[in-house]
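Worksheet: one structure, shown below.
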Amino acid sequence: MQRIGERFELLDAAGKPPHEIFSADQLAGIRAMITAGGTPLRGDMMDKLPSLGAIVCYGTGYDGVDLQAAAQRRIAVGHSPGANAASVADIAVTLMLAATRRLMVADNYVRSGDWGAAKPSPMMRPQAGMPGRKVGVYGMGEIGRKIAARVAAFEAEVCYFSRSRRDVPYQYFPSLEALAEWCSVLVIAVRAGSDTHHIVNADILNKLGADGYVVNIARGSVIDQDALVKALEDKTIAGAGLDVYAQGAARARRADRVSERGADPAYRRPHA
């Protein structure tokens with residue numbers, strides 16, 4: 001924001017729709033918009049900025065932008081793939097370790113004082129380590145590659161599924177279903193879109209199995225969230241590490257209640 005403001009006249013909408021913050025006269029002169037890729041940006045909003053020539057998404061995703069509407073208005077759309085890939089990959093590994101090692105459960109066990117009870121907590125069962133663990137990465141873009149490299153350093157076996165084969169030293173699976181059947185941790189790093197909406201559904205979670213974990217650092221829309229919560233409640237899977245979820249705090253609280261019964265969802269922030 002500071003660097004752009006030094007070179008251009010910058011109007012900051014503070015995350016709100018521009019027409020709610022600025023007058024029509026102010027909007028008339030805007031030539032470029034910088035936005036989060038998941039924020040809905042449709043044709044009617046573009047029409048409120050008649051001089052708009054460029055929409056730049058500060059991240060990999062651009063699923064919120066109506067590309068057809070932008071093309072019709074001759075507005076260029078850009079994004080920044082890989083700009084935050086290292087940080088997102090770090091979070092993915094953090095969530096994976098937190099879920100598989102049950103760190104949230106153990107943390108609560110200590111903070112609550114239950115560790116001083118006469119009987120050990122049944123939730124503190126021994127956990128398998130990373131060496132030899134089968135980790136499947138769904139999506140092998142810039143972020144997926146960095147996740148795979150980090151996971152491989154833990155001596156885990158890494159395979160992947162993506163829309164196309166990549167020049168990477170990991171085995172390729174022909175479908176998400178096949179990858180889910182093989183792995184015990186499924187890390188989702190795929191771009192959101194109509195073709196990936198709820199693609200991780202009850203069937204995929206069933207294929208992961210009772211010892212399986214899902215980690216999502218993509219978009220909340222990629223997972224069928226109701227199916228995920230049910231899988232945690234029924235212990236169809238062992239746990240989940242979520243950087244994102246679909247529809248805000250109400251469902252997050254529901255999944256948090258699941259964690260009290262023994263499953264391991266870990267939430268970081270909401271993102272559609």
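Identifiers for the structure tokens are assigned positionally: chains receive A, B, ... in sequence, residues are indexed from 1 per chain, and ligands are indexed from 1 in the order shown.
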Closest-contact table, range 84-133 of chain A side, partner range 150-155 of chain A, 9 Å, counting only C-alpha atoms, as CSV:
residue,atom,partner,partner_atom,distance
A:Ala89,CA,A:Arg150,CA,7.8
A:Asp90,CA,A:Arg150,CA,8.1
A:Val93,CA,A:Val151,CA,7.1
A:Met130,CA,A:Phe154,CA,5.9
A:Pro131,CA,A:Glu155,CA,4.5
A:Gly132,CA,A:Glu155,CA,6.3
A:Arg133,CA,A:Glu155,CA,7.9
Selected residues written out with all heavy atoms, as a PDB file, in the first residue's frame:
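Once everything was written out, this is result_4.pdb:
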ATOM      1  N   ALA A  89       3.121 -22.627   1.942  1.00  0.00           N
ATOM      2  CA  ALA A  89       3.659 -23.976   2.121  1.00  0.00           C
ATOM      3  C   ALA A  89       4.054 -24.214   3.572  1.00  0.00           C
ATOM      4  O   ALA A  89       3.847 -25.305   4.121  1.00  0.00           O
ATOM      5  CB  ALA A  89       4.856 -24.195   1.197  1.00  0.00           C
ATOM      6  N   ASP A  90       4.625 -23.201   4.218  1.00  0.00           N
ATOM      7  CA  ASP A  90       4.966 -23.320   5.635  1.00  0.00           C
ATOM      8  C   ASP A  90       3.720 -23.589   6.473  1.00  0.00           C
ATOM      9  O   ASP A  90       3.734 -24.436   7.383  1.00  0.00           O
ATOM     10  CB  ASP A  90       5.650 -22.042   6.133  1.00  0.00           C
ATOM     11  CG  ASP A  90       7.057 -21.858   5.585  1.00  0.00           C
ATOM     12  OD1 ASP A  90       7.606 -22.821   5.018  1.00  0.00           O
ATOM     13  OD2 ASP A  90       7.596 -20.740   5.717  1.00  0.00           O
ATOM     14  N   VAL A  93       2.461 -27.220   6.078  1.00  0.00           N
ATOM     15  CA  VAL A  93       3.224 -28.183   6.862  1.00  0.00           C
ATOM     16  C   VAL A  93       2.909 -28.030   8.353  1.00  0.00           C
ATOM     17  O   VAL A  93       2.800 -29.019   9.086  1.00  0.00           O
ATOM     18  CB  VAL A  93       4.733 -28.020   6.597  1.00  0.00           C
ATOM     19  CG1 VAL A  93       5.548 -28.909   7.535  1.00  0.00           C
ATOM     20  CG2 VAL A  93       5.056 -28.358   5.148  1.00  0.00           C
ATOM     21  N   MET A 130       6.416 -38.820  10.792  1.00  0.00           N
ATOM     22  CA  MET A 130       6.360 -38.526   9.372  1.00  0.00           C
ATOM     23  C   MET A 130       7.152 -39.498   8.496  1.00  0.00           C
ATOM     24  O   MET A 130       6.744 -39.763   7.364  1.00  0.00           O
ATOM     25  CB  MET A 130       6.855 -37.105   9.113  1.00  0.00           C
ATOM     26  CG  MET A 130       5.905 -36.014   9.585  1.00  0.00           C
ATOM     27  SD  MET A 130       4.230 -36.184   8.897  1.00  0.00           S
ATOM     28  CE  MET A 130       4.591 -36.000   7.152  1.00  0.00           C
ATOM     29  N   PRO A 131       8.281 -40.059   8.960  1.00  0.00           N
ATOM     30  CA  PRO A 131       9.019 -40.965   8.078  1.00  0.00           C
ATOM     31  C   PRO A 131       8.159 -42.120   7.585  1.00  0.00           C
ATOM     32  O   PRO A 131       7.514 -42.822   8.371  1.00  0.00           O
ATOM     33  CB  PRO A 131      10.157 -41.465   8.982  1.00  0.00           C
ATOM     34  CG  PRO A 131      10.377 -40.360   9.949  1.00  0.00           C
ATOM     35  CD  PRO A 131       9.007 -39.813  10.229  1.00  0.00           C
ATOM     36  N   GLY A 132       8.088 -42.269   6.274  1.00  0.00           N
ATOM     37  CA  GLY A 132       7.309 -43.331   5.669  1.00  0.00           C
ATOM     38  C   GLY A 132       5.843 -43.009   5.485  1.00  0.00           C
ATOM     39  O   GLY A 132       5.118 -43.774   4.838  1.00  0.00           O
ATOM     40  N   ARG A 133       5.365 -41.887   6.013  1.00  0.00           N
ATOM     41  CA  ARG A 133       3.957 -41.530   5.852  1.00  0.00           C
ATOM     42  C   ARG A 133       3.681 -41.166   4.398  1.00  0.00           C
ATOM     43  O   ARG A 133       4.502 -40.541   3.726  1.00  0.00           O
ATOM     44  CB  ARG A 133       3.590 -40.356   6.766  1.00  0.00           C
ATOM     45  CG  ARG A 133       2.092 -40.072   6.815  1.00  0.00           C
ATOM     46  CD  ARG A 133       1.792 -38.839   7.646  1.00  0.00           C
ATOM     47  NE  ARG A 133       1.993 -39.042   9.068  1.00  0.00           N
ATOM     48  CZ  ARG A 133       1.075 -39.514   9.897  1.00  0.00           C
ATOM     49  NH1 ARG A 133      -0.123 -39.864   9.425  1.00  0.00           N
ATOM     50  NH2 ARG A 133       1.337 -39.635  11.178  1.00  0.00           N
TER      51      ARG A 133
END
Residues of range 38-148 of chain A at most 12 Å from range 22-31 of chain A: nearest atom pair and distance in Å, only C-alpha atoms, as CSV:
residue,atom,partner,partner_atom,distance
A:Met45,CA,A:Leu27,CA,10.6
A:Met46,CA,A:Leu27,CA,10.2
A:Asp47,CA,A:Ala28,CA,9.7
A:Lys48,CA,A:Leu27,CA,6.9
A:Leu49,CA,A:Leu27,CA,5.4
A:Pro50,CA,A:Ala28,CA,5.8
A:Ser51,CA,A:Arg31,CA,5.3
A:Leu52,CA,A:Arg31,CA,4.2
A:Gly53,CA,A:Arg31,CA,5.3
A:Ala54,CA,A:Arg31,CA,6.7
A:Ile55,CA,A:Arg31,CA,9.0
A:Val56,CA,A:Arg31,CA,11.2
A:Ile75,CA,A:Arg31,CA,9.7
A:Ala76,CA,A:Arg31,CA,10.8
>> With distances taken over only C-alpha atoms, which residue among A:Met33, A:Gly64, A:Val214, A:Gly141 lies nearest Ala13 in chain A?
In response: A:Met33
> Pick from A:Asn206, A:Asn216, A:Ser87, A:Thr39: nearest to Asp66 in chain A, with only C-alpha atoms counted?
Replying inline: A:Thr39
> What's the 9 Å shell around Asp226 in chain A, counting only C-alpha atoms, without same-chain residues fewer than 4 positions away, as a list in words?
Replying inline: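 With the cut-off at 9 Å, the set is Asn201, Ala202, Lys230, Ala231 and Arg251 of chain A.
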>> Can you pull out the residues contacting range 181-193 of chain A? Cut-off 6 Å, using only C-alpha atoms, and skip same-chain residues under 4 positions away; I want them as a list in words.
In response: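 Listing them by chain and then by number gives Asp63, Lys134, Val135, Gly136, Val137, Tyr138, Gly139, Gly144, Lys207, Leu208, Gly212, Tyr213, Val214, Val215, Asn216, Ile217 and Ala218 of chain A.
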> Tell me, which residues of range 103-243 of chain A carry DSSP alpha helix (DSSP H), written as a PyMOL selection string?
Replying inline: chain A and resi 103-111+142-152+176-182+202-208+225-233
Selection from above, N, CA and C atoms, as a short mmCIF file (atom, residue, chain, number, x, y, z; two decimals), in the first residue's frame, can you write it?
data_model
loop_
_atom_site.label_atom_id
_atom_site.label_comp_id
_atom_site.auth_asym_id
_atom_site.auth_seq_id
_atom_site.Cartn_x
_atom_site.Cartn_y
_atom_site.Cartn_z
N LEU A 103 -1.48 -31.78 18.14
CA LEU A 103 -0.92 -30.73 18.98
C LEU A 103 -2.00 -29.89 19.66
N MET A 104 -3.13 -29.66 18.97
CA MET A 104 -4.19 -28.87 19.57
C MET A 104 -4.80 -29.60 20.76
N VAL A 105 -4.97 -30.90 20.62
CA VAL A 105 -5.50 -31.71 21.72
C VAL A 105 -4.52 -31.72 22.88
N ALA A 106 -3.24 -31.91 22.58
CA ALA A 106 -2.23 -31.95 23.63
C ALA A 106 -2.11 -30.60 24.33
N ASP A 107 -2.18 -29.51 23.56
CA ASP A 107 -2.10 -28.17 24.14
C ASP A 107 -3.25 -27.94 25.11
N ASN A 108 -4.45 -28.32 24.69
CA ASN A 108 -5.61 -28.15 25.56
C ASN A 108 -5.49 -29.03 26.81
N TYR A 109 -4.92 -30.22 26.64
CA TYR A 109 -4.73 -31.16 27.75
C TYR A 109 -3.85 -30.53 28.84
N VAL A 110 -2.80 -29.81 28.41
CA VAL A 110 -1.90 -29.17 29.36
C VAL A 110 -2.55 -27.93 29.98
N ARG A 111 -3.13 -27.07 29.13
CA ARG A 111 -3.68 -25.81 29.61
C ARG A 111 -4.86 -26.01 30.56
N GLU A 142 2.98 -23.65 -7.99
CA GLU A 142 4.10 -23.13 -7.20
C GLU A 142 3.98 -23.53 -5.74
N ILE A 143 2.77 -23.40 -5.19
CA ILE A 143 2.58 -23.73 -3.78
C ILE A 143 2.70 -25.24 -3.57
N GLY A 144 2.07 -26.02 -4.43
CA GLY A 144 2.13 -27.46 -4.30
C GLY A 144 3.55 -27.99 -4.34
N ARG A 145 4.38 -27.43 -5.21
CA ARG A 145 5.78 -27.88 -5.30
C ARG A 145 6.55 -27.60 -4.02
N LYS A 146 6.30 -26.43 -3.44
CA LYS A 146 7.01 -26.09 -2.20
C LYS A 146 6.52 -26.95 -1.03
N ILE A 147 5.23 -27.26 -1.03
CA ILE A 147 4.72 -28.17 0.00
C ILE A 147 5.37 -29.53 -0.14
N ALA A 148 5.40 -30.05 -1.36
CA ALA A 148 5.98 -31.37 -1.59
C ALA A 148 7.44 -31.42 -1.15
N ALA A 149 8.21 -30.39 -1.46
CA ALA A 149 9.62 -30.36 -1.09
C ALA A 149 9.79 -30.36 0.42
N ARG A 150 8.94 -29.61 1.12
CA ARG A 150 9.03 -29.56 2.57
C ARG A 150 8.64 -30.91 3.19
N VAL A 151 7.58 -31.51 2.66
CA VAL A 151 7.12 -32.80 3.19
C VAL A 151 8.17 -33.88 2.94
N ALA A 152 8.78 -33.86 1.77
CA ALA A 152 9.80 -34.87 1.45
C ALA A 152 10.98 -34.79 2.42
N LEU A 176 -7.93 -37.83 -8.52
CA LEU A 176 -7.96 -37.50 -7.10
C LEU A 176 -8.40 -38.70 -6.29
N GLU A 177 -9.33 -39.47 -6.82
CA GLU A 177 -9.81 -40.67 -6.12
C GLU A 177 -8.65 -41.64 -5.85
N ALA A 178 -7.85 -41.87 -6.88
CA ALA A 178 -6.71 -42.79 -6.72
C ALA A 178 -5.71 -42.26 -5.71
N LEU A 179 -5.48 -40.95 -5.73
CA LEU A 179 -4.54 -40.35 -4.77
C LEU A 179 -5.07 -40.49 -3.35
N ALA A 180 -6.37 -40.26 -3.16
CA ALA A 180 -6.96 -40.35 -1.82
C ALA A 180 -6.91 -41.77 -1.28
N GLU A 181 -7.08 -42.75 -2.14
CA GLU A 181 -6.99 -44.14 -1.70
C GLU A 181 -5.58 -44.51 -1.27
N TRP A 182 -4.58 -43.89 -1.91
CA TRP A 182 -3.18 -44.22 -1.62
C TRP A 182 -2.67 -43.53 -0.36
N ALA A 202 -17.68 -36.51 0.26
CA ALA A 202 -17.75 -37.66 1.18
C ALA A 202 -17.02 -38.87 0.63
N ASP A 203 -17.09 -39.08 -0.68
CA ASP A 203 -16.43 -40.22 -1.29
C ASP A 203 -14.92 -40.13 -1.12
N ILE A 204 -14.36 -38.95 -1.37
CA ILE A 204 -12.91 -38.76 -1.22
C ILE A 204 -12.50 -38.96 0.24
N LEU A 205 -13.30 -38.42 1.17
CA LEU A 205 -12.98 -38.57 2.58
C LEU A 205 -13.06 -40.03 3.02
N ASN A 206 -14.03 -40.76 2.49
CA ASN A 206 -14.12 -42.19 2.80
C ASN A 206 -12.89 -42.94 2.31
N LYS A 207 -12.37 -42.53 1.16
CA LYS A 207 -11.19 -43.18 0.62
C LYS A 207 -9.96 -42.90 1.48
N LEU A 208 -9.92 -41.74 2.13
CA LEU A 208 -8.81 -41.44 3.04
C LEU A 208 -8.81 -42.41 4.21
N GLN A 225 -18.00 -28.95 2.94
CA GLN A 225 -17.77 -28.75 4.37
C GLN A 225 -18.71 -29.58 5.24
N ASP A 226 -19.96 -29.74 4.82
CA ASP A 226 -20.88 -30.58 5.58
C ASP A 226 -20.38 -32.02 5.63
N ALA A 227 -19.87 -32.49 4.49
CA ALA A 227 -19.33 -33.85 4.45
C ALA A 227 -18.10 -33.97 5.34
N LEU A 228 -17.28 -32.91 5.39
CA LEU A 228 -16.09 -32.93 6.23
C LEU A 228 -16.46 -32.99 7.71
N VAL A 229 -17.41 -32.15 8.13
CA VAL A 229 -17.82 -32.14 9.53
C VAL A 229 -18.39 -33.51 9.92
N LYS A 230 -19.19 -34.08 9.03
CA LYS A 230 -19.77 -35.41 9.32
C LYS A 230 -18.66 -36.46 9.43
N ALA A 231 -17.66 -36.37 8.55
CA ALA A 231 -16.56 -37.32 8.58
C ALA A 231 -15.77 -37.21 9.88
N LEU A 232 -15.66 -35.99 10.42
CA LEU A 232 -14.98 -35.80 11.70
C LEU A 232 -15.84 -36.33 12.85
N GLU A 233 -17.14 -36.04 12.78
CA GLU A 233 -18.05 -36.50 13.83
C GLU A 233 -18.09 -38.04 13.88
#
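Computed from the coordinates, the CA of His79 in chain A to CA of Thr94 in chain A distance equals 25.7 Å.
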> Which distance in Å separates CA of Pro81 in chain A and CA of Tyr245 in chain A, to one decimal?
Replying inline: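 Atom-to-atom, CA of Pro81 in chain A and CA of Tyr245 in chain A are spaced 21.2 Å apart.
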> CA of Ala70 in chain A to CA of Leu10 in chain A: how many Å, to one decimal?
Replying inline: 21.6 Å
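Residues within 9 Å of Arg163 in chain A, counting only C-alpha atoms and excluding same-chain residues fewer than 2 positions away, are A:Gly139, A:Met140, A:Phe161, A:Arg165, A:Pro174, A:Ser175.
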>> Need the shell around Val200 in chain A: protein/DNA/RNA residues with any atom at most 7 Å away, counting only C-alpha atoms. Skip same-chain ones fewer than 2 positions apart. Format as a PyMOL selection string?
In response: chain A and resi 198+204+222-224
>> Please return, as a ChimeraX atom specification, all residues of range 111-219 of chain A that DSSP assigns to strand (DSSP E) on the basis of the backbone.
In response: /A:134-138,157-161,171-172,185-188,213-216
